[in-house]
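Chemist: Just upload-v7.txt, nothing more (compact mmCIF, C-alpha atoms and all ligand atoms):
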```txt
# COMPACT_ATOMS: atom_id res chain seq x y z
CA MET G 1 -17.85 69.89 32.53
CA PRO G 2 -16.14 68.32 30.69
CA THR G 3 -15.13 71.77 29.49
CA ASP G 4 -14.77 72.76 25.85
CA ASP G 5 -11.01 73.07 25.94
CA ALA G 6 -10.42 69.49 27.09
CA PRO G 7 -13.37 67.22 26.32
CA ALA G 8 -13.12 63.79 27.93
CA THR G 9 -13.42 62.00 24.60
CA SER G 10 -10.26 63.51 23.14
CA ASP G 11 -8.30 63.89 26.34
CA ARG G 12 -4.70 62.88 25.70
CA HIS G 13 -4.37 60.80 28.87
CA ALA G 14 -7.89 59.54 29.36
CA ASP G 15 -7.71 57.65 26.04
CA ALA G 16 -5.30 55.13 27.49
CA LEU G 17 -6.93 54.83 30.90
CA SER G 18 -10.02 53.08 32.11
CA VAL G 19 -11.45 55.81 34.28
CA PRO G 20 -13.22 54.92 37.54
CA ALA G 21 -16.78 56.24 37.82
CA HIS G 22 -16.37 57.43 41.40
CA ILE G 23 -13.28 58.73 43.17
CA ALA G 24 -13.18 59.69 46.84
CA ILE G 25 -10.41 61.81 48.32
CA ILE G 26 -9.16 62.44 51.85
CA MET G 27 -7.56 65.85 51.32
CA ASP G 28 -4.90 65.63 54.03
CA GLY G 29 -1.80 67.68 54.78
CA ASN G 30 -2.98 71.30 54.63
CA GLY G 31 -1.65 72.04 58.11
CA ARG G 32 1.79 70.56 57.42
CA TRP G 33 1.97 72.39 54.09
CA ALA G 34 1.36 75.69 55.92
CA ASN G 35 3.69 74.87 58.85
CA ALA G 36 6.53 74.11 56.46
CA ARG G 37 6.16 77.65 55.11
CA GLY G 38 5.73 79.38 58.46
CA MET G 39 2.13 80.16 57.55
CA PRO G 40 -1.02 79.74 59.69
CA ARG G 41 -2.87 76.44 59.23
CA ALA G 42 -5.83 78.33 57.74
CA ALA G 43 -3.60 79.39 54.85
CA GLY G 44 -2.98 75.71 54.12
CA HIS G 45 -6.74 75.11 53.99
CA GLU G 46 -7.13 78.08 51.63
CA ARG G 47 -4.57 76.54 49.28
CA GLY G 48 -6.46 73.28 49.77
CA VAL G 49 -9.56 74.85 48.25
CA GLU G 50 -7.51 75.79 45.17
CA ALA G 51 -6.32 72.19 44.91
CA LEU G 52 -9.97 71.11 45.17
CA ARG G 53 -10.95 73.43 42.29
CA ARG G 54 -8.10 72.01 40.14
CA THR G 55 -9.14 68.48 41.02
CA VAL G 56 -12.83 68.97 40.20
CA GLU G 57 -11.88 70.38 36.82
CA ALA G 58 -9.37 67.61 36.11
CA ALA G 59 -11.81 64.92 37.21
CA GLY G 60 -14.50 66.27 34.88
CA ASN G 61 -12.08 66.48 31.98
CA LEU G 62 -10.87 62.93 32.57
CA GLY G 63 -14.44 61.62 32.40
CA ILE G 64 -14.91 60.81 36.09
CA ARG G 65 -18.61 61.20 37.02
CA TYR G 66 -18.53 61.25 40.84
CA LEU G 67 -16.04 62.94 43.14
CA THR G 68 -16.45 62.80 46.92
CA VAL G 69 -14.13 64.89 49.10
CA TYR G 70 -13.66 64.96 52.86
CA SER G 71 -13.76 68.62 53.95
CA PHE G 72 -14.72 68.57 57.61
CA SER G 73 -15.17 65.52 59.79
CA THR G 74 -17.33 65.10 62.88
CA GLU G 75 -13.99 64.77 64.74
CA ASN G 76 -12.62 68.07 63.36
CA TRP G 77 -14.73 69.94 65.97
CA ARG G 78 -11.89 69.08 68.37
CA ARG G 79 -9.62 71.56 66.55
CA PRO G 80 -9.10 75.13 67.83
CA ALA G 81 -12.19 77.32 67.26
CA ALA G 82 -10.24 79.61 64.93
CA GLU G 83 -9.43 76.71 62.61
CA VAL G 84 -13.00 75.38 62.72
CA ASN G 85 -14.26 78.87 61.83
CA ALA G 86 -11.73 79.13 59.00
CA LEU G 87 -12.99 75.85 57.52
CA PHE G 88 -16.61 77.02 57.82
CA GLY G 89 -15.63 80.30 56.15
CA LEU G 90 -13.97 78.43 53.29
CA LEU G 91 -17.08 76.34 52.62
CA LYS G 92 -19.18 79.52 52.59
CA THR G 93 -16.79 81.27 50.22
CA PHE G 94 -16.55 78.20 48.00
CA ILE G 95 -20.33 78.00 47.64
CA LYS G 96 -20.74 81.76 47.14
CA LYS G 97 -17.93 82.02 44.58
CA ASP G 98 -18.20 78.74 42.70
CA LEU G 99 -21.87 77.77 42.80
CA ALA G 100 -23.00 79.68 39.69
CA ARG G 101 -20.10 78.32 37.59
CA LEU G 102 -20.53 74.74 38.82
CA ARG G 103 -24.25 74.94 38.14
CA GLU G 104 -23.54 76.23 34.61
CA GLU G 105 -21.13 73.32 34.05
CA GLY G 106 -23.77 70.74 34.95
CA VAL G 107 -22.36 69.81 38.36
CA LYS G 108 -24.77 68.40 40.92
CA ILE G 109 -23.64 69.20 44.46
CA ARG G 110 -24.52 67.11 47.47
CA ILE G 111 -23.27 67.84 50.96
CA LEU G 112 -22.78 64.63 52.94
CA GLY G 113 -22.94 64.66 56.72
CA ARG G 114 -24.94 65.81 59.69
CA ARG G 115 -26.89 69.03 59.17
CA GLU G 116 -27.76 69.48 62.85
CA GLY G 117 -25.06 71.46 64.61
CA LEU G 118 -24.07 73.44 61.53
CA PRO G 119 -24.36 77.22 61.92
CA ASP G 120 -27.59 78.53 60.34
CA ASP G 121 -25.85 80.51 57.60
CA ILE G 122 -23.93 77.41 56.49
CA ALA G 123 -27.08 75.27 56.57
CA VAL G 124 -28.86 77.82 54.35
CA LEU G 125 -25.98 77.89 51.83
CA VAL G 126 -25.68 74.12 51.79
CA ASP G 127 -29.40 73.78 51.05
CA LYS G 128 -29.11 76.39 48.31
CA ALA G 129 -26.14 74.63 46.69
CA GLU G 130 -28.10 71.37 46.59
CA ARG G 131 -31.34 73.00 45.44
CA ASP G 132 -29.72 75.10 42.67
CA THR G 133 -27.92 72.10 41.19
CA ALA G 134 -30.62 69.48 41.80
CA GLU G 135 -31.44 69.12 38.09
CA ASN G 136 -27.83 68.63 36.97
CA ASN G 137 -26.41 65.25 36.04
CA GLU G 138 -23.12 65.81 34.18
CA PHE G 139 -20.85 65.51 37.19
CA PHE G 140 -21.57 64.75 40.84
CA LEU G 141 -19.57 66.60 43.49
CA ASN G 142 -20.11 65.37 47.03
CA ILE G 143 -18.61 67.49 49.78
CA ALA G 144 -18.44 65.64 53.08
CA PHE G 145 -18.82 68.36 55.70
CA ASN G 146 -19.57 67.63 59.35
CA TYR G 147 -19.31 64.05 58.14
CA GLY G 148 -18.39 60.83 59.92
CA GLY G 149 -18.97 57.38 58.48
CA ARG G 150 -20.22 55.92 61.77
CA GLU G 151 -22.52 58.91 62.34
CA GLU G 152 -23.91 58.49 58.82
CA ILE G 153 -24.60 54.79 59.44
CA ALA G 154 -26.19 55.47 62.85
CA ARG G 155 -28.33 58.26 61.34
CA ALA G 156 -29.42 55.92 58.52
CA ALA G 157 -30.32 53.25 61.08
CA ARG G 158 -32.37 55.81 63.02
CA LYS G 159 -34.30 56.84 59.87
CA LEU G 160 -34.83 53.20 58.95
CA GLY G 161 -36.05 52.44 62.48
CA MET G 162 -38.50 55.30 62.27
CA ALA G 163 -39.85 53.98 58.95
CA VAL G 164 -40.38 50.60 60.64
CA ALA G 165 -42.09 52.27 63.63
CA ARG G 166 -44.42 54.16 61.29
CA GLY G 167 -45.31 50.89 59.60
CA ASP G 168 -43.79 52.04 56.25
CA LEU G 169 -41.09 49.36 56.23
CA ASP G 170 -41.18 45.67 57.11
CA PRO G 171 -37.98 44.65 58.98
CA ALA G 172 -37.98 41.46 56.90
CA ASP G 173 -37.41 43.65 53.81
CA VAL G 174 -34.25 45.33 55.12
CA SER G 175 -31.52 44.39 52.66
CA GLU G 176 -28.18 46.06 51.82
CA ASP G 177 -29.92 47.98 49.04
CA VAL G 178 -32.68 49.18 51.36
CA PHE G 179 -30.15 50.25 54.00
CA GLU G 180 -28.10 52.05 51.35
CA SER G 181 -31.14 54.13 50.42
CA TYR G 182 -31.00 55.77 53.87
CA LEU G 183 -27.35 56.83 53.53
CA ASP G 184 -26.25 60.31 52.41
CA THR G 185 -24.90 58.76 49.18
CA SER G 186 -28.23 57.14 48.35
CA GLY G 187 -28.55 56.29 44.66
CA MET G 188 -24.85 56.77 43.86
CA PRO G 189 -22.36 54.09 42.87
CA ASP G 190 -19.83 53.21 45.57
CA PRO G 191 -16.40 54.80 45.15
CA ASP G 192 -14.06 52.67 43.02
CA LEU G 193 -10.91 54.44 44.14
CA LEU G 194 -10.06 56.29 47.34
CA ILE G 195 -7.03 58.56 47.45
CA ARG G 196 -5.45 59.88 50.65
CA THR G 197 -2.67 62.42 50.51
CA SER G 198 0.04 63.35 53.05
CA GLY G 199 1.43 59.88 53.77
CA GLU G 200 -1.19 58.77 56.30
CA TYR G 201 -2.64 55.27 55.87
CA ARG G 202 -6.06 55.50 57.47
CA LEU G 203 -9.73 55.83 56.48
CA SER G 204 -10.42 58.24 59.37
CA ASN G 205 -14.15 57.43 59.48
CA PHE G 206 -14.67 58.30 55.78
CA LEU G 207 -17.28 56.40 53.72
CA LEU G 208 -17.09 53.30 55.94
CA TRP G 209 -20.06 51.59 54.27
CA GLN G 210 -19.35 52.77 50.72
CA ALA G 211 -15.62 51.94 50.69
CA ALA G 212 -16.21 48.19 51.20
CA TYR G 213 -14.56 47.23 47.86
CA CYS G 214 -12.77 50.45 47.08
CA GLU G 215 -9.18 50.45 45.85
CA LEU G 216 -7.00 52.51 48.20
CA VAL G 217 -4.14 54.70 46.99
CA PHE G 218 -1.92 56.66 49.37
CA PHE G 219 0.41 59.44 48.29
CA ASP G 220 3.01 61.42 50.28
CA VAL G 221 2.09 64.65 48.49
CA LEU G 222 0.42 67.25 50.74
CA TRP G 223 -3.08 68.18 49.58
CA PRO G 224 -2.33 71.82 48.57
CA ASP G 225 0.22 70.44 46.05
CA PHE G 226 -2.22 67.94 44.53
CA ASP G 227 -3.03 68.45 40.87
CA ARG G 228 -4.12 66.65 37.73
CA SER G 229 -0.84 64.74 37.42
CA TRP G 230 -1.46 63.11 40.83
CA LEU G 231 -5.02 62.27 39.87
CA GLU G 232 -3.77 60.61 36.69
CA LYS G 233 -1.11 58.74 38.68
CA ALA G 234 -3.83 57.39 41.00
CA ILE G 235 -5.95 56.30 38.02
CA ARG G 236 -2.93 54.54 36.49
CA ILE G 237 -2.35 52.65 39.76
CA TYR G 238 -6.08 51.81 39.85
CA ASN G 239 -5.80 50.46 36.30
CA GLU G 240 -3.06 48.07 37.41
CA ARG G 241 -5.19 46.65 40.23
CA GLU G 242 -7.32 43.56 39.75
CA ARG G 243 -10.75 44.04 41.31
CA ARG G 244 -12.31 40.74 42.27
CA PHE G 245 -15.09 41.80 44.70
CA GLY G 246 -14.54 38.60 46.69
CA ALA G 247 -14.67 36.33 43.63
CA VAL G 248 -11.75 34.57 41.91
CA THR G 249 -9.95 35.59 38.73
CA THR G 250 -11.57 34.28 35.54
CA GLY G 251 -9.69 31.17 34.43
CA ASP G 252 -8.60 30.14 37.94
CA ALA G 253 -8.97 26.40 38.52
C1 LIG R 1 -6.75 67.78 56.55
O1 LIG R 1 -5.51 68.45 56.64
C2 LIG R 1 -7.71 68.66 55.91
C3 LIG R 1 -8.83 69.10 56.50
C4 LIG R 1 -9.22 68.77 57.88
C5 LIG R 1 -9.74 70.00 55.78
C6 LIG R 1 -9.80 69.83 54.29
C7 LIG R 1 -10.35 71.06 53.74
C8 LIG R 1 -10.01 71.61 52.55
C9 LIG R 1 -9.10 70.98 51.58
C10 LIG R 1 -10.55 72.91 52.17
C11 LIG R 1 -11.98 73.02 52.47
C12 LIG R 1 -12.79 72.90 51.27
C13 LIG R 1 -14.07 73.29 51.30
C14 LIG R 1 -14.89 73.25 50.09
C15 LIG R 1 -14.64 73.78 52.57
P1 LIG R 1 -4.94 68.74 58.07
O2 LIG R 1 -5.42 70.06 58.51
O3 LIG R 1 -5.30 67.62 58.99
O4 LIG R 1 -3.42 68.78 57.77
P2 LIG R 1 -2.26 68.19 58.69
O5 LIG R 1 -2.54 66.72 58.86
O6 LIG R 1 -1.04 68.46 57.89
O7 LIG R 1 -2.31 68.95 59.98
```
Spell out the structure here as structure tokens.
Modeler:
Amino acid sequence: MPTDDAPATSDRHADALSVPAHIAIIMDGNGRWANARGMPRAAGHERGVEALRRTVEAAGNLGIRYLTVYSFSTENWRRPAAEVNALFGLLKTFIKKDLARLREEGVKIRILGRREGLPDDIAVLVDKAERDTAENNEFFLNIAFNYGGREEIARAARKLGMAVARGDLDPADVSEDVFESYLDTSGMPDPDLLIRTSGEYRLSNFLLWQAAYCELVFFDVLWPDFDRSWLEKAIRIYNERERRFGAVTTGDA
């Protein structure tokens, strides 16, 4: 990706838009989508995977380089076991079905989050997805799974502390950049734009460090109904925002 049928350079919408390098998405509303149709919640998550496939393709075609999606949070363990198992099953199926194609398309996959506590078969697949796509650099797909922003920061602090204890790191050298290198997103640009669907206005422990200067866009649409037109709408809103990163607008007295 970008695919042959819609290269980013000649994309009819991308021409007019300044496309953010990194978009993060909280894919919310699968359960409500299913409830509204009298379907089990798991069916909403299944349709959510289809929306994810559409979104990865659209993002690649629009020239976005990094996409980070929230698939399973450290808090989602509180859900009924059947739903947790359904979400685990969907990640397994996604990797088994889509890995070869994504690899072919130049997608580099990284799974963000805590590996401990994941069932062995998932851990094996997750490692395989990362290993098989390690050499790719066309498009970066980060799937946050068993992820929590505070857990990620605490885990980074633990690794950093261990480096200090080993004598590999001088505490006086700990800067924002050094700390960042211990996070799951190490080496990646911070997200420019974060989208949350389903009408909720929260970060829900997603990318707490990385979202420091991110533009936030909230939509009422439920995740299974999300498609390229919503992604373009979010990018248009992003284009209207003025990003100052704590500075003042050029020309201000
Ligand atoms: C939030 O909707 C969504 C989730 C907790 C899971 C998101 C997962 C997917 C989109 C599919 C999984 C994709 C992979 C690759 C494993 P919700 O269940 O909280 O919906 P609700 O707020 O309407 O109840």
Chemist: Do you have the atom C14 of ligand LIG 1 (chain R)-atom CA of G:Ile143 distance handy?
Modeler: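 Computed distance, atom C14 of ligand LIG 1 (chain R) to atom CA of G:Ile143, equals 6.9 Å.
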Chemist: State, in Å with one decimal place, the distance from atom CA of G:Lys233 to atom CA of G:Arg47.
Modeler: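 Atom-to-atom, atom CA of G:Lys233 to atom CA of G:Arg47, that is 21.0 Å.
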Chemist: Just checking: using all atoms listed in the file, which residue out of G:Ala51, G:Ala157, G:Ala212, G:Val126 ends up closest to ligand LIG 1 (chain R)?
Modeler: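 Checking each candidate against ligand LIG 1 (chain R), we get G:Ala51 as the closest.
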Chemist: Please indicate the distance in Å from atom CA of G:Glu138 to atom CA of G:Gly106, rounded to one decimal place.
Modeler: 5.0 Å
Chemist: Using all atoms listed in the file, can you tell me which of G:Asp28, G:Glu215, G:Glu135, G:Asp190 comes closest to ligand LIG 1 (chain R)?
Modeler: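 Once distances to ligand LIG 1 (chain R) are computed over all atoms listed in the file, the minimum belongs to G:Asp28.
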Chemist: For a quick check of understanding, using all atoms listed in the file, which of G:Glu152, G:Asp132, G:Asp225, G:Asp192 has the smallest distance to ligand LIG 1 (chain R)?
Modeler: G:Asp225
Chemist: Let me have all residues with an atom within 8 Å of ligand LIG 1 (chain R), counting all atoms listed in the file, laid out as a ChimeraX atom specification.
Modeler: /G:26-34,41,44-49,51-52,70-73,76,87-92,94-95,143,145,198,222-224
Chemist: Using only C-alpha atoms, pick whichever of G:Tyr66, G:Trp209, G:Phe140, G:Trp77 has the shortest atom-to-atom distance to G:Leu102.
Modeler: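 Comparing G:Tyr66, G:Trp209, G:Phe140, G:Trp77 against G:Leu102, the winner is G:Phe140.
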Chemist: Could you give me, as a PyMOL selection string, the residues within 8 Å of G:Thr55, counting only C-alpha atoms and dropping anything in the same chain fewer than 3 positions from it?
Modeler: chain G and resi 51-52+58-59+226-228+231
Chemist: Select, from G:Leu118, G:Ala100, G:Ala43, G:Arg37, the residue with the minimum atom-to-atom distance to G:Ala86, counting only C-alpha atoms.
Modeler: G:Ala43
Chemist: If we count all atoms listed in the file, what is near G:Glu240 at a cut-off of 12 Å, once residues fewer than 4 positions away on the same chain are taken out, given as a CSV table (one decimal) with C-alpha atoms, in the frame of the given file?
Modeler:
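Final output, saved to selection_32.csv:
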```
chain,number,residue,atom,x,y,z
G,17,LEU,CA,-6.9,54.8,30.9
G,18,SER,CA,-10.0,53.1,32.1
G,19,VAL,CA,-11.4,55.8,34.3
G,215,GLU,CA,-9.2,50.4,45.8
G,217,VAL,CA,-4.1,54.7,47.0
G,233,LYS,CA,-1.1,58.7,38.7
G,234,ALA,CA,-3.8,57.4,41.0
G,235,ILE,CA,-6.0,56.3,38.0
G,236,ARG,CA,-2.9,54.5,36.5
```
Chemist: Name all residues at most 10 Å from G:Ser204 (count only C-alpha atoms; drop same-chain ones fewer than 2 positions away) and give them as a PyMOL selection string.
Modeler: chain G and resi 26+70+73+75+148-149+200-202+206-208
Chemist: Could stretch 13-41 of chain G be written out with N, CA, C and O atoms, as a JSON list (two decimals), in the first residue's frame, please?
Modeler:
```
[["chain", "number", "residue", "atom", "x", "y", "z"],
["G", 13, "HIS", "N", -9.03, 12.85, -3.37],
["G", 13, "HIS", "CA", -9.25, 13.69, -2.19],
["G", 13, "HIS", "C", -7.94, 14.14, -1.56],
["G", 13, "HIS", "O", -7.84, 15.24, -1.07],
["G", 14, "ALA", "N", -6.96, 13.23, -1.57],
["G", 14, "ALA", "CA", -5.72, 13.53, -0.87],
["G", 14, "ALA", "C", -5.04, 14.77, -1.44],
["G", 14, "ALA", "O", -4.35, 15.49, -0.72],
["G", 15, "ASP", "N", -5.25, 15.04, -2.75],
["G", 15, "ASP", "CA", -4.62, 16.19, -3.39],
["G", 15, "ASP", "C", -4.86, 17.47, -2.60],
["G", 15, "ASP", "O", -3.99, 18.29, -2.43],
["G", 16, "ALA", "N", -6.11, 17.62, -2.14],
["G", 16, "ALA", "CA", -6.49, 18.88, -1.52],
["G", 16, "ALA", "C", -6.17, 18.90, -0.03],
["G", 16, "ALA", "O", -6.25, 19.94, 0.60],
["G", 17, "LEU", "N", -5.81, 17.76, 0.54],
["G", 17, "LEU", "CA", -5.65, 17.69, 1.98],
["G", 17, "LEU", "C", -4.19, 17.56, 2.37],
["G", 17, "LEU", "O", -3.42, 16.90, 1.70],
["G", 18, "SER", "N", -3.86, 18.18, 3.50],
["G", 18, "SER", "CA", -2.55, 17.92, 4.08],
["G", 18, "SER", "C", -2.78, 16.74, 5.03],
["G", 18, "SER", "O", -3.57, 16.82, 5.97],
["G", 19, "VAL", "N", -2.14, 15.63, 4.71],
["G", 19, "VAL", "CA", -2.46, 14.39, 5.40],
["G", 19, "VAL", "C", -1.55, 14.20, 6.61],
["G", 19, "VAL", "O", -0.33, 14.30, 6.49],
["G", 20, "PRO", "N", -2.15, 13.95, 7.79],
["G", 20, "PRO", "CA", -1.29, 13.72, 8.97],
["G", 20, "PRO", "C", -0.46, 12.46, 8.81],
["G", 20, "PRO", "O", -0.91, 11.50, 8.17],
["G", 21, "ALA", "N", 0.73, 12.45, 9.39],
["G", 21, "ALA", "CA", 1.60, 11.28, 9.27],
["G", 21, "ALA", "C", 1.04, 10.11, 10.08],
["G", 21, "ALA", "O", 1.12, 8.96, 9.68],
["G", 22, "HIS", "N", 0.47, 10.43, 11.25],
["G", 22, "HIS", "CA", 0.09, 9.37, 12.18],
["G", 22, "HIS", "C", -1.32, 9.62, 12.73],
["G", 22, "HIS", "O", -1.58, 10.66, 13.32],
["G", 23, "ILE", "N", -2.18, 8.67, 12.50],
["G", 23, "ILE", "CA", -3.56, 8.75, 13.02],
["G", 23, "ILE", "C", -3.78, 7.61, 14.02],
["G", 23, "ILE", "O", -3.38, 6.47, 13.77],
["G", 24, "ALA", "N", -4.39, 7.94, 15.13],
["G", 24, "ALA", "CA", -4.74, 6.93, 16.13],
["G", 24, "ALA", "C", -6.27, 6.86, 16.21],
["G", 24, "ALA", "O", -6.94, 7.89, 16.06],
["G", 25, "ILE", "N", -6.79, 5.67, 16.43],
["G", 25, "ILE", "CA", -8.25, 5.54, 16.47],
["G", 25, "ILE", "C", -8.70, 4.69, 17.66],
["G", 25, "ILE", "O", -8.19, 3.60, 17.90],
["G", 26, "ILE", "N", -9.68, 5.23, 18.40],
["G", 26, "ILE", "CA", -10.39, 4.44, 19.41],
["G", 26, "ILE", "C", -11.65, 3.93, 18.72],
["G", 26, "ILE", "O", -12.58, 4.70, 18.43],
["G", 27, "MET", "N", -11.65, 2.63, 18.42],
["G", 27, "MET", "CA", -12.70, 2.03, 17.60],
["G", 27, "MET", "C", -13.87, 1.65, 18.50],
["G", 27, "MET", "O", -14.03, 0.50, 18.88],
["G", 28, "ASP", "N", -14.71, 2.61, 18.84],
["G", 28, "ASP", "CA", -15.74, 2.39, 19.87],
["G", 28, "ASP", "C", -17.13, 2.24, 19.24],
["G", 28, "ASP", "O", -17.41, 2.87, 18.22],
["G", 29, "GLY", "N", -17.96, 1.45, 19.90],
["G", 29, "GLY", "CA", -19.37, 1.37, 19.50],
["G", 29, "GLY", "C", -19.78, 0.04, 18.88],
["G", 29, "GLY", "O", -20.90, -0.09, 18.39],
["G", 30, "ASN", "N", -18.90, -0.95, 18.91],
["G", 30, "ASN", "CA", -19.24, -2.26, 18.33],
["G", 30, "ASN", "C", -20.43, -2.89, 19.05],
["G", 30, "ASN", "O", -21.31, -3.47, 18.41],
["G", 31, "GLY", "N", -20.41, -2.79, 20.38],
["G", 31, "GLY", "CA", -21.47, -3.42, 21.18],
["G", 31, "GLY", "C", -22.82, -2.77, 20.88],
["G", 31, "GLY", "O", -23.82, -3.47, 20.65],
["G", 32, "ARG", "N", -22.85, -1.44, 20.85],
["G", 32, "ARG", "CA", -24.12, -0.74, 20.57],
["G", 32, "ARG", "C", -24.62, -1.03, 19.16],
["G", 32, "ARG", "O", -25.81, -1.17, 18.93],
["G", 33, "TRP", "N", -23.68, -1.13, 18.22],
["G", 33, "TRP", "CA", -24.05, -1.44, 16.84],
["G", 33, "TRP", "C", -24.77, -2.79, 16.80],
["G", 33, "TRP", "O", -25.80, -2.96, 16.14],
["G", 34, "ALA", "N", -24.21, -3.78, 17.54],
["G", 34, "ALA", "CA", -24.81, -5.12, 17.56],
["G", 34, "ALA", "C", -26.15, -5.11, 18.31],
["G", 34, "ALA", "O", -27.14, -5.67, 17.81],
["G", 35, "ASN", "N", -26.16, -4.45, 19.47],
["G", 35, "ASN", "CA", -27.41, -4.40, 20.26],
["G", 35, "ASN", "C", -28.56, -3.83, 19.45],
["G", 35, "ASN", "O", -29.68, -4.34, 19.50],
["G", 36, "ALA", "N", -28.27, -2.78, 18.70],
["G", 36, "ALA", "CA", -29.32, -2.12, 17.92],
["G", 36, "ALA", "C", -29.91, -3.06, 16.87],
["G", 36, "ALA", "O", -31.01, -2.83, 16.37],
["G", 37, "ARG", "N", -29.19, -4.12, 16.56],
["G", 37, "ARG", "CA", -29.65, -5.07, 15.54],
["G", 37, "ARG", "C", -30.06, -6.41, 16.15],
["G", 37, "ARG", "O", -30.27, -7.39, 15.43],
["G", 38, "GLY", "N", -30.12, -6.44, 17.49],
["G", 38, "GLY", "CA", -30.48, -7.69, 18.17],
["G", 38, "GLY", "C", -29.44, -8.77, 17.99],
["G", 38, "GLY", "O", -29.76, -9.97, 18.05],
["G", 39, "MET", "N", -28.21, -8.37, 17.75],
["G", 39, "MET", "CA", -27.14, -9.35, 17.53],
["G", 39, "MET", "C", -26.24, -9.42, 18.76],
["G", 39, "MET", "O", -26.20, -8.50, 19.56],
["G", 40, "PRO", "N", -25.50, -10.53, 18.94],
["G", 40, "PRO", "CA", -24.56, -10.59, 20.07],
["G", 40, "PRO", "C", -23.42, -9.58, 19.89],
["G", 40, "PRO", "O", -23.07, -9.23, 18.75],
["G", 41, "ARG", "N", -22.86, -9.12, 21.00],
["G", 41, "ARG", "CA", -21.81, -8.10, 20.95],
["G", 41, "ARG", "C", -20.64, -8.55, 20.06],
["G", 41, "ARG", "O", -20.02, -7.75, 19.35]]
```
